[in-house]
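Structure, as structure tokens:
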Amino acid sequence: MAIRIPCPHCGERPIEEFLYGEVPNVPDSITDSEARDLDQAFMRDNPAGEVRERWFHVYGCRRWLWLRRDRTTDRVVD
Amino acid sequence: MNEFIEAKVALRWQEPKSAYDVVIIGGGGHGLATAYYLATRHGITDVGVFERSYIGSGNSGRNTTVIRANYGIPEAVRFYQHSLDLYADLEAETDRWIMHDQKGIFWLCHTEAGVRAEKARAAVNQAFGSDTVFVTPDEVKEIVPEIDLSGGGKYPVLGGSYHRAGATARHDRVVWTYAEGAMRHGVHIHQRTPVTGIVREGERVIGVETPNGRVGAGVVLSAVGGHVSIIAAMAGVRLPIRTHPLQAFVTNHYARTFEPIVASSDLLFYVSQTARGEMLLGAEIDRQPSYSYRSGHSFLQSCAHRAMTLLPFLRDLRILRQWTGVCDMSPDYAPIMGYTGVDGFLVTTGWGTWGFKAIPAGGEQLAEVIATDRVPELIAPFTLDRFARDRTKADRGSAGTH
């Protein structure tokens, strides 16, 4: 089953209509400003499990949406 | 791995010890090759490899087995050419048949920009010791008579780079060969034993946690694929890795011999024929990060469509199997090998979609890092600290999956 993404404007649509938008997350434990820049540019949490993500409905309403997806199963949570 | 194969390759399983000089997390090609070279090149045999499933069950058993060195930057050409040379000698060294088969690889181009890129690739390859030449469409047709040089009228073949040294090998046999070679020298391999934690004492890693208890270690090397960020986080290390799925499929048997590996960097697919006669196809990674091993229909549709544009005979074949691996993608499409900033914890990662070809050289070089406690010149460009030093090794066009 292909992943389907619930768009608040267009309803449930196949994942191929969307672009994934990466949101870097620099942990608060990194305080040095250069280290924060480095982390933001390159380092990633890259977690398994549920993650809140940004997606852009490029072949639809062309608006950004938030989505919670389980990266182990690809199940869309909400 | 079933009993028949276990008997064939003479693997002898051992009870885990309470400590090893070197603990390697991940029983794939890179982990096992590192263990093999530690034992055979440096006499370090107190090595324990911990694999959460069976050996070769991750990306080592899911890749499309291409061995090539046609990279776009000098550091990568040198490294991968060395790996290609080690592969060519591996059967003689180990007295095991890995079904190594030199086939040659075409990277075809359909735009003027593509022609420039492939001419540059051939020049860089020749300058740094790898055998790649630019070829005309007629020369392509001579070796691949099946090809439609008009590209279905939309993607005419304007030429391509031809990497004669390109080869394939049977991926499971590579894994078993390194496992058997390492075990023969006394290395312990523990299957179905996940590492669930990494033990730190102050700033230093001193062991790993497993379901069977704690195992002490002088050095811990993470040689895991797509799940590397989870392992590294256990040691308190952040990595520039995103995990993306990569899919592939094989068709039923094609009755004729299809000799070379054919790839198109504009159409984004690659195809080769397996020893069983199946046509093996792959393309780009899935765009969203994920640890899911699910395969999808849209990949089959788009990859098959693009491949048939150049190779119309594929239309008459049927897809037999498809599968997915999860890949540790680095930002510059180059590997990350060696120290992490945490004492006693090393990584070999960032192998993304290009790790199989690097198994011998990656293992050999990591073994040297562990044995000598210094980074050999060949892999010095690929350390983790390159991101902080603004010395990334961008070579996206050589990944073959973008």
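Just so we're on the same page: first chain in the structure tokens is A, next is B, and so on; residues restart at 1 for each chain, and ligands are numbered from 1 in the order they show up.
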
| request: Would you kindly return, as JSON, numbers by chain, each protein, DNA or RNA residue with an atom no farther than 6 Å from any atom of segment 21-32 of chain B, considering only C-alpha atoms and excluding same-chain residues fewer than 6 positions away? | output: {"B": [46, 47, 48, 49, 50, 51, 55, 56, 60, 175, 178, 179, 217, 218, 219, 220, 221, 222, 223, 224, 359, 363]}

| request: Please determine the contact residues of chain A with respect to chain B at a cut-off of 6 Å, counting only C-alpha atoms, and supply them as a PyMOL selection string. | output: chain A and resi 20+42-44+46+71-73

Close residues, Arg12 of chain B itself excluded, 9 Å, only C-alpha atoms, min 5 positions apart in chain, as an mmCIF file with N, CA and C atoms, in the first residue's frame:
```cif
data_model
loop_
_atom_site.group_PDB
_atom_site.id
_atom_site.type_symbol
_atom_site.label_atom_id
_atom_site.label_comp_id
_atom_site.auth_asym_id
_atom_site.auth_seq_id
_atom_site.Cartn_x
_atom_site.Cartn_y
_atom_site.Cartn_z
ATOM 1 N N GLU B 6 25.349 -23.075 6.081
ATOM 2 C CA GLU B 6 26.268 -23.067 7.220
ATOM 3 C C GLU B 6 27.280 -24.195 7.105
ATOM 4 N N GLU B 180 33.746 -16.460 7.193
ATOM 5 C CA GLU B 180 34.498 -17.711 7.358
ATOM 6 C C GLU B 180 35.978 -17.429 7.574
ATOM 7 N N MET B 183 36.447 -16.115 11.088
ATOM 8 C CA MET B 183 36.239 -17.165 12.097
ATOM 9 C C MET B 183 37.396 -18.146 12.145
ATOM 10 N N ARG B 184 37.952 -18.421 10.977
ATOM 11 C CA ARG B 184 39.064 -19.371 10.921
ATOM 12 C C ARG B 184 40.248 -18.861 11.747
ATOM 13 N N HIS B 188 34.966 -14.174 16.820
ATOM 14 C CA HIS B 188 33.638 -14.652 17.197
ATOM 15 C C HIS B 188 32.569 -13.832 16.487
ATOM 16 N N ILE B 189 31.585 -14.520 15.914
ATOM 17 C CA ILE B 189 30.452 -13.829 15.299
ATOM 18 C C ILE B 189 29.193 -14.291 16.017
#
```

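Residues in contact with Val77 of chain A at up to 9 Å, not including ones fewer than 6 positions away on its chain and judged by only C-alpha atoms, are A:Glu50, A:Leu67, A:Arg68, A:Arg69, A:Asp70.
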
Generate a file of the selected residues that holds N, CA and C atoms, formatted as an mmCIF file, in the first residue's frame.
```cif
data_model
loop_
_atom_site.group_PDB
_atom_site.id
_atom_site.type_symbol
_atom_site.label_atom_id
_atom_site.label_comp_id
_atom_site.auth_asym_id
_atom_site.auth_seq_id
_atom_site.Cartn_x
_atom_site.Cartn_y
_atom_site.Cartn_z
ATOM 1 N N GLU A 50 7.890 7.640 15.666
ATOM 2 C CA GLU A 50 7.025 8.745 15.226
ATOM 3 C C GLU A 50 7.774 10.071 15.187
ATOM 4 N N LEU A 67 2.595 16.782 9.624
ATOM 5 C CA LEU A 67 2.174 15.387 9.575
ATOM 6 C C LEU A 67 2.971 14.618 10.616
ATOM 7 N N ARG A 68 2.310 13.703 11.327
ATOM 8 C CA ARG A 68 3.046 12.815 12.228
ATOM 9 C C ARG A 68 3.092 11.435 11.589
ATOM 10 N N ARG A 69 4.319 10.957 11.316
ATOM 11 C CA ARG A 69 4.484 9.685 10.604
ATOM 12 C C ARG A 69 5.420 8.784 11.411
ATOM 13 N N ASP A 70 5.103 7.493 11.420
ATOM 14 C CA ASP A 70 5.975 6.513 12.069
ATOM 15 C C ASP A 70 7.024 6.062 11.047
#
```

| said: What's around Leu86 of chain B at 12 Å? Count only C-alpha atoms, leave out sequence neighbours fewer than 6 positions away in its own chain, and write the answer as a ChimeraX atom specification. | reply: /B:33,37,67-68,79-80,92-94,100,174,357-365

Taking only chain A into account, list the residues labelled strand (DSSP E) by DSSP (computed from the backbone), as a PDB file with C-alpha atoms, in the first residue's frame.
```pdb
ATOM      1  CA  ARG A   4      -1.352   8.362   1.599  1.00  0.00           C
ATOM      2  CA  ILE A   5      -1.105  11.772   3.189  1.00  0.00           C
ATOM      3  CA  PRO A   6      -4.136  13.609   4.581  1.00  0.00           C
ATOM      4  CA  CYS A   7      -3.969  17.160   3.197  1.00  0.00           C
ATOM      5  CA  GLY A  11      -8.131  15.342   1.465  1.00  0.00           C
ATOM      6  CA  GLU A  12      -6.161  12.089   1.412  1.00  0.00           C
ATOM      7  CA  ARG A  13      -3.724  12.012  -1.509  1.00  0.00           C
ATOM      8  CA  PRO A  14      -0.862   9.677  -2.595  1.00  0.00           C
ATOM      9  CA  LEU A  19       7.616  16.931  -1.270  1.00  0.00           C
ATOM     10  CA  TYR A  20       9.222  16.153   2.062  1.00  0.00           C
ATOM     11  CA  GLY A  21      10.507  19.256   3.876  1.00  0.00           C
ATOM     12  CA  GLU A  50       7.025   8.745  15.226  1.00  0.00           C
ATOM     13  CA  VAL A  51       8.242  12.106  13.900  1.00  0.00           C
ATOM     14  CA  ARG A  52       6.396  15.359  13.240  1.00  0.00           C
ATOM     15  CA  GLU A  53       7.252  16.363   9.680  1.00  0.00           C
ATOM     16  CA  ARG A  54       6.671  19.152   7.176  1.00  0.00           C
ATOM     17  CA  TRP A  55       5.354  18.223   3.742  1.00  0.00           C
ATOM     18  CA  PHE A  56       4.608  20.450   0.731  1.00  0.00           C
ATOM     19  CA  TRP A  64       2.731  23.257   3.619  1.00  0.00           C
ATOM     20  CA  LEU A  65       1.247  20.879   6.142  1.00  0.00           C
ATOM     21  CA  TRP A  66       2.310  19.138   9.337  1.00  0.00           C
ATOM     22  CA  LEU A  67       2.174  15.387   9.575  1.00  0.00           C
ATOM     23  CA  ARG A  68       3.046  12.815  12.228  1.00  0.00           C
ATOM     24  CA  ARG A  69       4.484   9.685  10.604  1.00  0.00           C
ATOM     25  CA  ASP A  70       5.975   6.513  12.069  1.00  0.00           C
TER      26      ASP A  70
END
```

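Candidate residues A:Pro8, A:Ala2, A:Asp45, A:Val58 were compared for distance to Pro24 of chain A, and the nearest is A:Asp45, using only C-alpha atoms.
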
| task | Would you return as a PyMOL selection string the members of segment 114-199 of chain B that DSSP assigns to alpha helix (DSSP H) on this structure's backbone? | result | chain B and resi 114-127+137-143+171-184

Grab the residues selected above and save them as an mmCIF file, in the first residue's frame with N, CA and C atoms.
```cif
data_model
loop_
_atom_site.group_PDB
_atom_site.id
_atom_site.type_symbol
_atom_site.label_atom_id
_atom_site.label_comp_id
_atom_site.auth_asym_id
_atom_site.auth_seq_id
_atom_site.Cartn_x
_atom_site.Cartn_y
_atom_site.Cartn_z
ATOM 1 N N GLY B 114 25.116 16.204 -19.627
ATOM 2 C CA GLY B 114 25.502 14.842 -19.288
ATOM 3 C C GLY B 114 26.783 14.433 -20.003
ATOM 4 N N VAL B 115 26.924 14.827 -21.266
ATOM 5 C CA VAL B 115 28.141 14.512 -22.027
ATOM 6 C C VAL B 115 29.359 15.135 -21.341
ATOM 7 N N ARG B 116 29.219 16.407 -20.933
ATOM 8 C CA ARG B 116 30.343 17.072 -20.236
ATOM 9 C C ARG B 116 30.683 16.334 -18.947
ATOM 10 N N ALA B 117 29.650 15.940 -18.215
ATOM 11 C CA ALA B 117 29.885 15.265 -16.933
ATOM 12 C C ALA B 117 30.609 13.936 -17.146
ATOM 13 N N GLU B 118 30.192 13.164 -18.154
ATOM 14 C CA GLU B 118 30.802 11.842 -18.368
ATOM 15 C C GLU B 118 32.202 11.962 -18.952
ATOM 16 N N LYS B 119 32.440 13.014 -19.779
ATOM 17 C CA LYS B 119 33.816 13.240 -20.267
ATOM 18 C C LYS B 119 34.726 13.606 -19.096
ATOM 19 N N ALA B 120 34.204 14.439 -18.195
ATOM 20 C CA ALA B 120 34.991 14.825 -17.021
ATOM 21 C C ALA B 120 35.258 13.605 -16.147
ATOM 22 N N ARG B 121 34.260 12.736 -16.007
ATOM 23 C CA ARG B 121 34.427 11.527 -15.207
ATOM 24 C C ARG B 121 35.555 10.654 -15.781
ATOM 25 N N ALA B 122 35.522 10.472 -17.114
ATOM 26 C CA ALA B 122 36.564 9.643 -17.751
ATOM 27 C C ALA B 122 37.943 10.255 -17.512
ATOM 28 N N ALA B 123 38.044 11.586 -17.611
ATOM 29 C CA ALA B 123 39.339 12.254 -17.429
ATOM 30 C C ALA B 123 39.838 12.092 -15.991
ATOM 31 N N VAL B 124 38.959 12.309 -15.019
ATOM 32 C CA VAL B 124 39.359 12.181 -13.612
ATOM 33 C C VAL B 124 39.740 10.732 -13.302
ATOM 34 N N ASN B 125 38.977 9.792 -13.840
ATOM 35 C CA ASN B 125 39.273 8.383 -13.596
ATOM 36 C C ASN B 125 40.649 8.013 -14.127
ATOM 37 N N GLN B 126 40.938 8.435 -15.376
ATOM 38 C CA GLN B 126 42.238 8.099 -15.968
ATOM 39 C C GLN B 126 43.377 8.755 -15.196
ATOM 40 N N ALA B 127 43.149 9.990 -14.764
ATOM 41 C CA ALA B 127 44.209 10.720 -14.056
ATOM 42 C C ALA B 127 44.545 10.055 -12.725
ATOM 43 N N PRO B 137 27.828 6.769 -29.276
ATOM 44 C CA PRO B 137 26.644 5.897 -29.327
ATOM 45 C C PRO B 137 26.891 4.613 -30.115
ATOM 46 N N ASP B 138 27.638 4.691 -31.213
ATOM 47 C CA ASP B 138 27.907 3.479 -32.003
ATOM 48 C C ASP B 138 28.689 2.449 -31.205
ATOM 49 N N GLU B 139 29.635 2.944 -30.405
ATOM 50 C CA GLU B 139 30.423 2.014 -29.582
ATOM 51 C C GLU B 139 29.549 1.362 -28.508
ATOM 52 N N VAL B 140 28.574 2.123 -28.008
ATOM 53 C CA VAL B 140 27.636 1.561 -27.023
ATOM 54 C C VAL B 140 26.830 0.445 -27.684
ATOM 55 N N LYS B 141 26.326 0.739 -28.887
ATOM 56 C CA LYS B 141 25.459 -0.207 -29.608
ATOM 57 C C LYS B 141 26.188 -1.524 -29.909
ATOM 58 N N GLU B 142 27.487 -1.404 -30.156
ATOM 59 C CA GLU B 142 28.278 -2.585 -30.489
ATOM 60 C C GLU B 142 28.271 -3.592 -29.320
ATOM 61 N N ILE B 143 28.328 -3.072 -28.093
ATOM 62 C CA ILE B 143 28.393 -3.955 -26.919
ATOM 63 C C ILE B 143 26.993 -4.249 -26.366
ATOM 64 N N HIS B 171 26.610 -11.173 -3.588
ATOM 65 C CA HIS B 171 26.767 -10.470 -2.306
ATOM 66 C C HIS B 171 26.820 -11.414 -1.107
ATOM 67 N N ASP B 172 25.984 -12.467 -1.089
ATOM 68 C CA ASP B 172 26.003 -13.386 0.052
ATOM 69 C C ASP B 172 27.362 -14.074 0.178
ATOM 70 N N ARG B 173 27.928 -14.419 -0.973
ATOM 71 C CA ARG B 173 29.219 -15.111 -0.937
ATOM 72 C C ARG B 173 30.317 -14.205 -0.394
ATOM 73 N N VAL B 174 30.223 -12.921 -0.685
ATOM 74 C CA VAL B 174 31.209 -11.984 -0.134
ATOM 75 C C VAL B 174 31.102 -11.962 1.390
ATOM 76 N N VAL B 175 29.864 -11.894 1.885
ATOM 77 C CA VAL B 175 29.634 -11.890 3.333
ATOM 78 C C VAL B 175 30.170 -13.170 3.965
ATOM 79 N N TRP B 176 29.818 -14.328 3.386
ATOM 80 C CA TRP B 176 30.234 -15.612 3.972
ATOM 81 C C TRP B 176 31.751 -15.778 3.900
ATOM 82 N N THR B 177 32.339 -15.295 2.807
ATOM 83 C CA THR B 177 33.790 -15.431 2.649
ATOM 84 C C THR B 177 34.518 -14.683 3.759
ATOM 85 N N TYR B 178 34.102 -13.456 4.013
ATOM 86 C CA TYR B 178 34.751 -12.690 5.080
ATOM 87 C C TYR B 178 34.437 -13.297 6.456
ATOM 88 N N ALA B 179 33.196 -13.763 6.640
ATOM 89 C CA ALA B 179 32.834 -14.354 7.931
ATOM 90 C C ALA B 179 33.671 -15.603 8.196
ATOM 91 N N GLU B 180 33.746 -16.460 7.193
ATOM 92 C CA GLU B 180 34.498 -17.711 7.358
ATOM 93 C C GLU B 180 35.978 -17.429 7.574
ATOM 94 N N GLY B 181 36.525 -16.509 6.793
ATOM 95 C CA GLY B 181 37.943 -16.168 6.921
ATOM 96 C C GLY B 181 38.251 -15.613 8.300
ATOM 97 N N ALA B 182 37.350 -14.749 8.809
ATOM 98 C CA ALA B 182 37.567 -14.166 10.133
ATOM 99 C C ALA B 182 37.469 -15.247 11.212
ATOM 100 N N MET B 183 36.447 -16.115 11.088
ATOM 101 C CA MET B 183 36.239 -17.165 12.097
ATOM 102 C C MET B 183 37.396 -18.146 12.145
ATOM 103 N N ARG B 184 37.952 -18.421 10.977
ATOM 104 C CA ARG B 184 39.064 -19.371 10.921
ATOM 105 C C ARG B 184 40.248 -18.861 11.747
#
```
